[in-house]
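S.K.: Let me give you the structure first, and then I'll get to my questions.
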Amino acid sequence: MTLKTTLSGTVLPEVDAPVTQLGCADDVAALVARGDVLVLTGAGVSTGSGIPDYRGPRGAFRTGHVPMRYEEFTTSPAGRRRYWARGLVGWHRIQAAQPGEAHRGVAALERAGLTRAVVTQNVDGLHQEAGARDVVELHGALGRVVCLDCTAALPRQHFDRRLDAANPGFAERAAAAMVGLRVNPDGDVELPEDLVDGFALVDCPVCETGRLKPDVVFFGEAVPPARVRRVTDALAAASSVLVLGSSLSVMSGYRFVRAAVRAGTPVAIVNAGPTRADDDLVPGRDVRLDTAVEPVLAGVVARLV
Ligand SMILES: NC(=O)c1ccc[n+]([C@@H]2O[C@H](COP(=O)([O-])OP(=O)(O)OC[C@H]3O[C@@H](n4cnc5c(N)ncnc54)[C@H](O)[C@@H]3O)[C@@H](O)[C@H]2O)c1
Ligand SMILES: [Zn+2]
């Protein structure tokens, strides 16, 4: 795949890069029928729910979105103010999103006992809302908040109520300012600077001074080692890997696919557009469909569940 690096340092696949297709939807069903599938999902399973991806043709990176980096969040009070002001509005949009066909398909495979693990790079919680029970959230979840200083974990709802109370009238002014604007995949929306400047932050209720952060892995931050180990262990026991709706540009997801290929574990990738692993796949063993996830998964579920 051809990759290019943007000004903000993020890696983007060329959307028009040609993709070599390997196999067909029947081959995906045949792999899944063997059971013990490690499912790895990305932003592409949630685009149907109205949450944009980063690197698809209409992805947030192509419209100039610059996600918050870990270093800025932890070192800059102004950066945290901007994040939480914009995130308060964005989160309400993400929370309102409903699971779609792809999330329901993955939940059906899990219920039928065909999965070894469901691993997602998404932070929207939609797999669980669709009924999946045991999901490894590789990059965490927007629905939880953690204290960087005392490590307390809080549900987002509780935190949002405190933020709302500390900023009377903000939600209404922000909603009026962002009419027609879309939410970014990390729960961020563009807001006028003056609204952001006046935004009051709240501290951790446990240690009373701590900096609160959404429980998501920011750009520039590593996935917690215990979480990586959980996926590595599941991969060792998996009979195949099924990638759904991910460009695999981010190393934290790509590395599992690369490890599977090296171990000779068959990989099936269903993604509209190129992925970083396309050149790694082995014809005759691996499957690559350059198409929408939903109809392929619905076909697999109809045959096997
Ligand atoms: N919903 C979310 O929680 C969300 C959304 C965007 C990004 N992220 C973050 O982005 C990073 C990982 O990137 P990624 O690989 O998941 O996203 P990505 O944007 O890099 O790739 C998504 C891919 O899905 C494809 N796609 C879009 N809709 C599709 C569909 N219906 N069927 C098939 N393919 C479709 C796109 O063309 C693109 O290639 C992670 O860090 C993750 O935390 C999360
Ligand atoms: Zn604290």
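Lettering and numbering for the structure tokens are positional, with chains as A, B, ... in the shown order, residues counted from 1 in each chain, and ligands counted from 1 in the shown order.
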Counting only C-alpha atoms and all ligand atoms, which residues of chain A fall within 7 Å of ligand 1, and what is the closest atom pair for each with its distance in Å at one decimal, ordered by chain and rising number, as JSON lines?

M.R.:
```
{"residue": "A:Thr41", "atom": "CA", "partner": "ligand 1", "partner_atom_place_in_ligand_line": "16 (O)", "distance": 6.7}
{"residue": "A:Gly42", "atom": "CA", "partner": "ligand 1", "partner_atom_place_in_ligand_line": "16 (O)", "distance": 3.2}
{"residue": "A:Ala43", "atom": "CA", "partner": "ligand 1", "partner_atom_place_in_ligand_line": "16 (O)", "distance": 3.8}
{"residue": "A:Gly44", "atom": "CA", "partner": "ligand 1", "partner_atom_place_in_ligand_line": "24 (O)", "distance": 3.5}
{"residue": "A:Val45", "atom": "CA", "partner": "ligand 1", "partner_atom_place_in_ligand_line": "31 (N)", "distance": 5.7}
{"residue": "A:Ser46", "atom": "CA", "partner": "ligand 1", "partner_atom_place_in_ligand_line": "1 (N)", "distance": 5.1}
{"residue": "A:Thr47", "atom": "CA", "partner": "ligand 1", "partner_atom_place_in_ligand_line": "28 (N)", "distance": 5.1}
{"residue": "A:Gly48", "atom": "CA", "partner": "ligand 1", "partner_atom_place_in_ligand_line": "31 (N)", "distance": 6.0}
{"residue": "A:Ile51", "atom": "CA", "partner": "ligand 1", "partner_atom_place_in_ligand_line": "1 (N)", "distance": 5.6}
{"residue": "A:Pro52", "atom": "CA", "partner": "ligand 1", "partner_atom_place_in_ligand_line": "5 (C)", "distance": 6.0}
{"residue": "A:Asp53", "atom": "CA", "partner": "ligand 1", "partner_atom_place_in_ligand_line": "19 (O)", "distance": 3.9}
{"residue": "A:Tyr54", "atom": "CA", "partner": "ligand 1", "partner_atom_place_in_ligand_line": "19 (O)", "distance": 3.4}
{"residue": "A:Arg55", "atom": "CA", "partner": "ligand 1", "partner_atom_place_in_ligand_line": "19 (O)", "distance": 3.7}
{"residue": "A:Gly56", "atom": "CA", "partner": "ligand 1", "partner_atom_place_in_ligand_line": "37 (O)", "distance": 3.4}
{"residue": "A:Pro57", "atom": "CA", "partner": "ligand 1", "partner_atom_place_in_ligand_line": "37 (O)", "distance": 6.0}
{"residue": "A:Gly59", "atom": "CA", "partner": "ligand 1", "partner_atom_place_in_ligand_line": "19 (O)", "distance": 6.2}
{"residue": "A:Gln121", "atom": "CA", "partner": "ligand 1", "partner_atom_place_in_ligand_line": "42 (C)", "distance": 4.6}
{"residue": "A:Asn122", "atom": "CA", "partner": "ligand 1", "partner_atom_place_in_ligand_line": "3 (O)", "distance": 3.3}
{"residue": "A:Val123", "atom": "CA", "partner": "ligand 1", "partner_atom_place_in_ligand_line": "3 (O)", "distance": 3.7}
{"residue": "A:Asp124", "atom": "CA", "partner": "ligand 1", "partner_atom_place_in_ligand_line": "3 (O)", "distance": 4.2}
{"residue": "A:His139", "atom": "CA", "partner": "ligand 1", "partner_atom_place_in_ligand_line": "43 (O)", "distance": 5.2}
{"residue": "A:Pro185", "atom": "CA", "partner": "ligand 1", "partner_atom_place_in_ligand_line": "5 (C)", "distance": 4.0}
{"residue": "A:Asp186", "atom": "CA", "partner": "ligand 1", "partner_atom_place_in_ligand_line": "44 (C)", "distance": 6.1}
{"residue": "A:Leu244", "atom": "CA", "partner": "ligand 1", "partner_atom_place_in_ligand_line": "33 (C)", "distance": 6.6}
{"residue": "A:Gly245", "atom": "CA", "partner": "ligand 1", "partner_atom_place_in_ligand_line": "24 (O)", "distance": 3.9}
{"residue": "A:Ser246", "atom": "CA", "partner": "ligand 1", "partner_atom_place_in_ligand_line": "15 (O)", "distance": 3.5}
{"residue": "A:Ser247", "atom": "CA", "partner": "ligand 1", "partner_atom_place_in_ligand_line": "21 (O)", "distance": 4.0}
{"residue": "A:Leu248", "atom": "CA", "partner": "ligand 1", "partner_atom_place_in_ligand_line": "15 (O)", "distance": 4.6}
{"residue": "A:Ser249", "atom": "CA", "partner": "ligand 1", "partner_atom_place_in_ligand_line": "20 (O)", "distance": 5.7}
{"residue": "A:Val250", "atom": "CA", "partner": "ligand 1", "partner_atom_place_in_ligand_line": "12 (C)", "distance": 5.7}
{"residue": "A:Val270", "atom": "CA", "partner": "ligand 1", "partner_atom_place_in_ligand_line": "33 (C)", "distance": 6.3}
{"residue": "A:Asn271", "atom": "CA", "partner": "ligand 1", "partner_atom_place_in_ligand_line": "34 (N)", "distance": 3.9}
{"residue": "A:Ala272", "atom": "CA", "partner": "ligand 1", "partner_atom_place_in_ligand_line": "34 (N)", "distance": 3.8}
{"residue": "A:Gly273", "atom": "CA", "partner": "ligand 1", "partner_atom_place_in_ligand_line": "37 (O)", "distance": 4.7}
{"residue": "A:Pro274", "atom": "CA", "partner": "ligand 1", "partner_atom_place_in_ligand_line": "39 (O)", "distance": 6.0}
{"residue": "A:Thr275", "atom": "CA", "partner": "ligand 1", "partner_atom_place_in_ligand_line": "39 (O)", "distance": 6.4}
{"residue": "A:Thr291", "atom": "CA", "partner": "ligand 1", "partner_atom_place_in_ligand_line": "33 (C)", "distance": 5.7}
{"residue": "A:Ala292", "atom": "CA", "partner": "ligand 1", "partner_atom_place_in_ligand_line": "32 (N)", "distance": 3.3}
{"residue": "A:Val293", "atom": "CA", "partner": "ligand 1", "partner_atom_place_in_ligand_line": "32 (N)", "distance": 4.0}
{"residue": "A:Glu294", "atom": "CA", "partner": "ligand 1", "partner_atom_place_in_ligand_line": "31 (N)", "distance": 6.3}
```

S.K.: Can I get the residues close to ligand 2 as a list in words, where close means within 12 Å and we count only C-alpha atoms and all ligand atoms?

M.R.: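 Within the 12 Å cut-off, the matching residues are Val145, Val146, Cys147, Leu148, Asp149, Cys150, Thr151, Ala152, Ala153, Leu154, Val202, Asp203, Cys204, Pro205, Val206, Cys207, Glu208, Thr209, Gly210, Arg211, Leu212 and Lys213 of chain A.
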
S.K.: Residues of the last selection are to be written out with N, CA and C atoms, as a PDB file, in the first residue's frame.

M.R.:
```
ATOM      1  N   VAL A 145     -13.690   7.767  32.232  1.00  0.00           N
ATOM      2  CA  VAL A 145     -12.744   8.851  32.488  1.00  0.00           C
ATOM      3  C   VAL A 145     -11.776   8.363  33.568  1.00  0.00           C
ATOM      4  N   VAL A 146     -10.483   8.665  33.417  1.00  0.00           N
ATOM      5  CA  VAL A 146      -9.508   8.256  34.439  1.00  0.00           C
ATOM      6  C   VAL A 146      -8.727   9.473  34.926  1.00  0.00           C
ATOM      7  N   CYS A 147      -8.268   9.390  36.181  1.00  0.00           N
ATOM      8  CA  CYS A 147      -7.435  10.469  36.727  1.00  0.00           C
ATOM      9  C   CYS A 147      -5.967  10.136  36.448  1.00  0.00           C
ATOM     10  N   LEU A 148      -5.271  11.066  35.818  1.00  0.00           N
ATOM     11  CA  LEU A 148      -3.861  10.841  35.469  1.00  0.00           C
ATOM     12  C   LEU A 148      -2.991  10.821  36.718  1.00  0.00           C
ATOM     13  N   ASP A 149      -3.507  11.377  37.812  1.00  0.00           N
ATOM     14  CA  ASP A 149      -2.667  11.515  38.994  1.00  0.00           C
ATOM     15  C   ASP A 149      -2.898  10.435  40.049  1.00  0.00           C
ATOM     16  N   CYS A 150      -4.183  10.052  40.290  1.00  0.00           N
ATOM     17  CA  CYS A 150      -4.418   9.018  41.313  1.00  0.00           C
ATOM     18  C   CYS A 150      -4.974   7.730  40.703  1.00  0.00           C
ATOM     19  N   THR A 151      -5.161   7.692  39.371  1.00  0.00           N
ATOM     20  CA  THR A 151      -5.644   6.534  38.592  1.00  0.00           C
ATOM     21  C   THR A 151      -7.100   6.137  38.887  1.00  0.00           C
ATOM     22  N   ALA A 152      -7.849   6.980  39.617  1.00  0.00           N
ATOM     23  CA  ALA A 152      -9.273   6.673  39.823  1.00  0.00           C
ATOM     24  C   ALA A 152      -9.974   6.592  38.459  1.00  0.00           C
ATOM     25  N   ALA A 153     -10.959   5.691  38.353  1.00  0.00           N
ATOM     26  CA  ALA A 153     -11.727   5.577  37.102  1.00  0.00           C
ATOM     27  C   ALA A 153     -13.178   5.955  37.392  1.00  0.00           C
ATOM     28  N   LEU A 154     -13.786   6.739  36.510  1.00  0.00           N
ATOM     29  CA  LEU A 154     -15.157   7.218  36.725  1.00  0.00           C
ATOM     30  C   LEU A 154     -15.980   6.999  35.467  1.00  0.00           C
ATOM     31  N   VAL A 202     -13.084  20.596  35.482  1.00  0.00           N
ATOM     32  CA  VAL A 202     -13.285  20.126  36.861  1.00  0.00           C
ATOM     33  C   VAL A 202     -12.167  19.136  37.190  1.00  0.00           C
ATOM     34  N   ASP A 203     -11.789  19.100  38.483  1.00  0.00           N
ATOM     35  CA  ASP A 203     -10.710  18.208  38.905  1.00  0.00           C
ATOM     36  C   ASP A 203     -11.271  16.864  39.345  1.00  0.00           C
ATOM     37  N   CYS A 204     -10.343  15.938  39.581  1.00  0.00           N
ATOM     38  CA  CYS A 204     -10.720  14.594  40.014  1.00  0.00           C
ATOM     39  C   CYS A 204     -11.447  14.659  41.370  1.00  0.00           C
ATOM     40  N   PRO A 205     -12.614  14.008  41.509  1.00  0.00           N
ATOM     41  CA  PRO A 205     -13.335  14.057  42.779  1.00  0.00           C
ATOM     42  C   PRO A 205     -12.680  13.210  43.864  1.00  0.00           C
ATOM     43  N   VAL A 206     -11.757  12.340  43.497  1.00  0.00           N
ATOM     44  CA  VAL A 206     -11.134  11.460  44.488  1.00  0.00           C
ATOM     45  C   VAL A 206      -9.920  12.138  45.126  1.00  0.00           C
ATOM     46  N   CYS A 207      -8.939  12.568  44.308  1.00  0.00           N
ATOM     47  CA  CYS A 207      -7.742  13.197  44.877  1.00  0.00           C
ATOM     48  C   CYS A 207      -7.876  14.731  44.902  1.00  0.00           C
ATOM     49  N   GLU A 208      -8.928  15.234  44.285  1.00  0.00           N
ATOM     50  CA  GLU A 208      -9.323  16.655  44.319  1.00  0.00           C
ATOM     51  C   GLU A 208      -8.460  17.611  43.498  1.00  0.00           C
ATOM     52  N   THR A 209      -7.303  17.163  43.010  1.00  0.00           N
ATOM     53  CA  THR A 209      -6.483  18.063  42.182  1.00  0.00           C
ATOM     54  C   THR A 209      -6.141  17.433  40.839  1.00  0.00           C
ATOM     55  N   GLY A 210      -6.425  16.140  40.693  1.00  0.00           N
ATOM     56  CA  GLY A 210      -5.915  15.392  39.536  1.00  0.00           C
ATOM     57  C   GLY A 210      -6.471  15.836  38.195  1.00  0.00           C
ATOM     58  N   ARG A 211      -5.671  15.568  37.139  1.00  0.00           N
ATOM     59  CA  ARG A 211      -6.083  15.876  35.765  1.00  0.00           C
ATOM     60  C   ARG A 211      -6.865  14.688  35.221  1.00  0.00           C
ATOM     61  N   LEU A 212      -8.055  14.959  34.736  1.00  0.00           N
ATOM     62  CA  LEU A 212      -8.901  13.880  34.230  1.00  0.00           C
ATOM     63  C   LEU A 212      -8.734  13.738  32.716  1.00  0.00           C
ATOM     64  N   LYS A 213      -8.742  12.481  32.267  1.00  0.00           N
ATOM     65  CA  LYS A 213      -8.507  12.170  30.853  1.00  0.00           C
ATOM     66  C   LYS A 213      -9.520  11.105  30.438  1.00  0.00           C
TER      67      LYS A 213
END
```

S.K.: Would you mind listing what lies within 9 Å of Met178 (chain A) as a ChimeraX atom specification, with only C-alpha atoms counted and same-chain residues fewer than 4 positions away left out?

M.R.: /A:173-174,182,189-192

S.K.: I'd like the interatomic distance between CA of Leu163 (chain A) and CA of Gly79 (chain A), to a tenth of an Å.

M.R.: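 Separation between CA of Leu163 (chain A) and CA of Gly79 (chain A): 16.1 Å.
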
S.K.: Quick one: of A:Glu71, A:Asp215, A:Glu221, A:Asp26, who's nearest to Ala141 (chain A), counting only C-alpha atoms?

M.R.: A:Asp215

S.K.: Just checking: using only C-alpha atoms, which residue out of A:Arg81, A:Thr20, A:Val223, A:Thr63 ends up closest to Asp194 (chain A)?

M.R.: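 Using only C-alpha atoms, Asp194 (chain A) sits closest to A:Arg81.
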
S.K.: Assign secondary structure with DSSP using the backbone only, and return the residues of region 19-156 of chain A in strand (DSSP E or B) as number ranges by chain.

M.R.: A: 22, 37-41, 69, 115-120, 135-137, 140-147, 153-155

S.K.: Using DSSP on the backbone, list every residue of region 30-274 of chain A that comes out as alpha helix (DSSP H), and give them as a ChimeraX atom specification.

M.R.: /A:30-33,70-75,77-96,101-111,126-129,156-166,170-177,193-197,225-237,251-263

S.K.: Could you save the residues just selected, with C-alpha atoms, as an mmCIF file, in the first residue's frame?

M.R.:
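Result file is again37.cif:
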```cif
data_model
loop_
_atom_site.group_PDB
_atom_site.id
_atom_site.type_symbol
_atom_site.label_atom_id
_atom_site.label_comp_id
_atom_site.auth_asym_id
_atom_site.auth_seq_id
_atom_site.Cartn_x
_atom_site.Cartn_y
_atom_site.Cartn_z
ATOM 1 C CA ALA A 30 -15.226 -21.143 5.371
ATOM 2 C CA LEU A 31 -12.615 -19.616 7.702
ATOM 3 C CA VAL A 32 -15.231 -18.485 10.221
ATOM 4 C CA ALA A 33 -16.887 -21.934 10.150
ATOM 5 C CA TYR A 70 -0.878 12.555 24.703
ATOM 6 C CA GLU A 71 1.948 14.985 25.388
ATOM 7 C CA GLU A 72 -0.172 18.064 24.734
ATOM 8 C CA PHE A 73 -3.035 16.733 26.851
ATOM 9 C CA THR A 74 -0.861 15.959 29.855
ATOM 10 C CA THR A 75 1.317 19.094 29.760
ATOM 11 C CA PRO A 77 -3.983 23.136 30.653
ATOM 12 C CA ALA A 78 -5.185 25.009 27.533
ATOM 13 C CA GLY A 79 -5.009 21.764 25.537
ATOM 14 C CA ARG A 80 -7.098 19.973 28.167
ATOM 15 C CA ARG A 81 -9.641 22.831 28.195
ATOM 16 C CA ARG A 82 -9.976 22.625 24.405
ATOM 17 C CA TYR A 83 -10.279 18.837 24.510
ATOM 18 C CA TRP A 84 -12.983 18.740 27.185
ATOM 19 C CA ALA A 85 -14.996 21.675 25.804
ATOM 20 C CA ARG A 86 -15.133 20.141 22.341
ATOM 21 C CA GLY A 87 -15.371 16.609 23.705
ATOM 22 C CA LEU A 88 -18.380 17.426 25.891
ATOM 23 C CA VAL A 89 -20.358 18.214 22.753
ATOM 24 C CA GLY A 90 -18.830 15.431 20.639
ATOM 25 C CA TRP A 91 -19.480 12.772 23.261
ATOM 26 C CA HIS A 92 -23.199 13.508 23.269
ATOM 27 C CA ARG A 93 -23.237 12.796 19.526
ATOM 28 C CA ILE A 94 -21.245 9.559 19.883
ATOM 29 C CA GLN A 95 -23.417 8.446 22.767
ATOM 30 C CA ALA A 96 -26.500 8.912 20.609
ATOM 31 C CA GLU A 101 -25.401 -4.256 10.977
ATOM 32 C CA ALA A 102 -21.661 -4.844 11.368
ATOM 33 C CA HIS A 103 -21.821 -4.635 15.185
ATOM 34 C CA ARG A 104 -24.828 -6.964 15.229
ATOM 35 C CA GLY A 105 -23.015 -9.411 12.920
ATOM 36 C CA VAL A 106 -19.966 -9.575 15.192
ATOM 37 C CA ALA A 107 -22.205 -10.085 18.254
ATOM 38 C CA ALA A 108 -23.991 -12.937 16.444
ATOM 39 C CA LEU A 109 -20.669 -14.682 15.696
ATOM 40 C CA GLU A 110 -19.652 -14.353 19.350
ATOM 41 C CA ARG A 111 -23.012 -15.687 20.563
ATOM 42 C CA LEU A 126 -21.045 0.049 19.925
ATOM 43 C CA HIS A 127 -19.987 -3.637 19.849
ATOM 44 C CA GLN A 128 -21.162 -4.029 23.445
ATOM 45 C CA GLU A 129 -24.357 -2.102 22.712
ATOM 46 C CA ARG A 156 -18.334 9.460 31.848
ATOM 47 C CA GLN A 157 -21.963 10.299 32.694
ATOM 48 C CA HIS A 158 -21.080 11.348 36.226
ATOM 49 C CA PHE A 159 -18.192 13.470 34.975
ATOM 50 C CA ASP A 160 -20.307 15.084 32.244
ATOM 51 C CA ARG A 161 -22.896 16.190 34.792
ATOM 52 C CA ARG A 162 -20.156 17.948 36.779
ATOM 53 C CA LEU A 163 -18.772 19.588 33.642
ATOM 54 C CA ASP A 164 -22.277 20.742 32.680
ATOM 55 C CA ALA A 165 -22.795 22.188 36.161
ATOM 56 C CA ALA A 166 -19.442 24.031 36.034
ATOM 57 C CA PHE A 170 -22.374 26.061 27.527
ATOM 58 C CA ALA A 171 -24.180 23.059 26.032
ATOM 59 C CA GLU A 172 -26.859 25.293 24.455
ATOM 60 C CA ARG A 173 -24.352 27.847 23.080
ATOM 61 C CA ALA A 174 -22.133 25.060 21.703
ATOM 62 C CA ALA A 175 -25.071 23.250 20.097
ATOM 63 C CA ALA A 176 -26.090 26.489 18.375
ATOM 64 C CA ALA A 177 -22.502 27.129 17.210
ATOM 65 C CA GLU A 193 -12.352 29.749 20.188
ATOM 66 C CA ASP A 194 -14.244 32.123 22.508
ATOM 67 C CA LEU A 195 -16.525 29.321 23.653
ATOM 68 C CA VAL A 196 -13.513 27.122 24.376
ATOM 69 C CA ASP A 197 -11.573 29.890 26.172
ATOM 70 C CA PRO A 225 0.883 -4.031 27.982
ATOM 71 C CA ALA A 226 -1.710 -6.228 29.767
ATOM 72 C CA ARG A 227 -4.206 -5.487 26.986
ATOM 73 C CA VAL A 228 -1.652 -6.346 24.301
ATOM 74 C CA ARG A 229 -0.894 -9.616 26.103
ATOM 75 C CA ARG A 230 -4.566 -10.545 26.174
ATOM 76 C CA VAL A 231 -4.739 -10.220 22.402
ATOM 77 C CA THR A 232 -1.404 -11.991 21.852
ATOM 78 C CA ASP A 233 -2.636 -14.938 23.954
ATOM 79 C CA ALA A 234 -5.926 -15.064 22.051
ATOM 80 C CA LEU A 235 -4.030 -14.935 18.771
ATOM 81 C CA ALA A 236 -1.902 -17.930 19.756
ATOM 82 C CA ALA A 237 -5.102 -19.964 20.214
ATOM 83 C CA MET A 251 0.719 -0.213 14.460
ATOM 84 C CA SER A 252 -1.205 -1.319 17.565
ATOM 85 C CA GLY A 253 -3.717 -3.184 15.366
ATOM 86 C CA TYR A 254 -1.458 -3.986 12.423
ATOM 87 C CA ARG A 255 1.057 -5.852 14.562
ATOM 88 C CA PHE A 256 -1.431 -8.640 15.326
ATOM 89 C CA VAL A 257 -2.126 -9.170 11.641
ATOM 90 C CA ARG A 258 1.580 -9.212 10.878
ATOM 91 C CA ALA A 259 2.145 -11.741 13.697
ATOM 92 C CA ALA A 260 -0.676 -13.951 12.343
ATOM 93 C CA VAL A 261 0.796 -13.906 8.833
ATOM 94 C CA ARG A 262 4.220 -14.826 10.206
ATOM 95 C CA ALA A 263 2.732 -17.683 12.247
#
```

S.K.: Kindly indicate which residue among A:Met68, A:Val243, A:Cys24, A:Ala97 lies nearest to Pro214 (chain A), using only C-alpha atoms for the distances.

M.R.: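 The answer is A:Met68, which sits nearest to Pro214 (chain A).
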
S.K.: Excluding same-chain residues fewer than 5 positions from Ala25 (chain A), what lies within 10 Å of it counting only C-alpha atoms, as a list of chain:residue names?

M.R.: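 Residues meeting the cut-off are A:Ala30, A:Ala268, A:Val270, A:Val287, A:Arg288, A:Leu289, A:Pro295, A:Val296, A:Leu297, A:Gly299, A:Val300.
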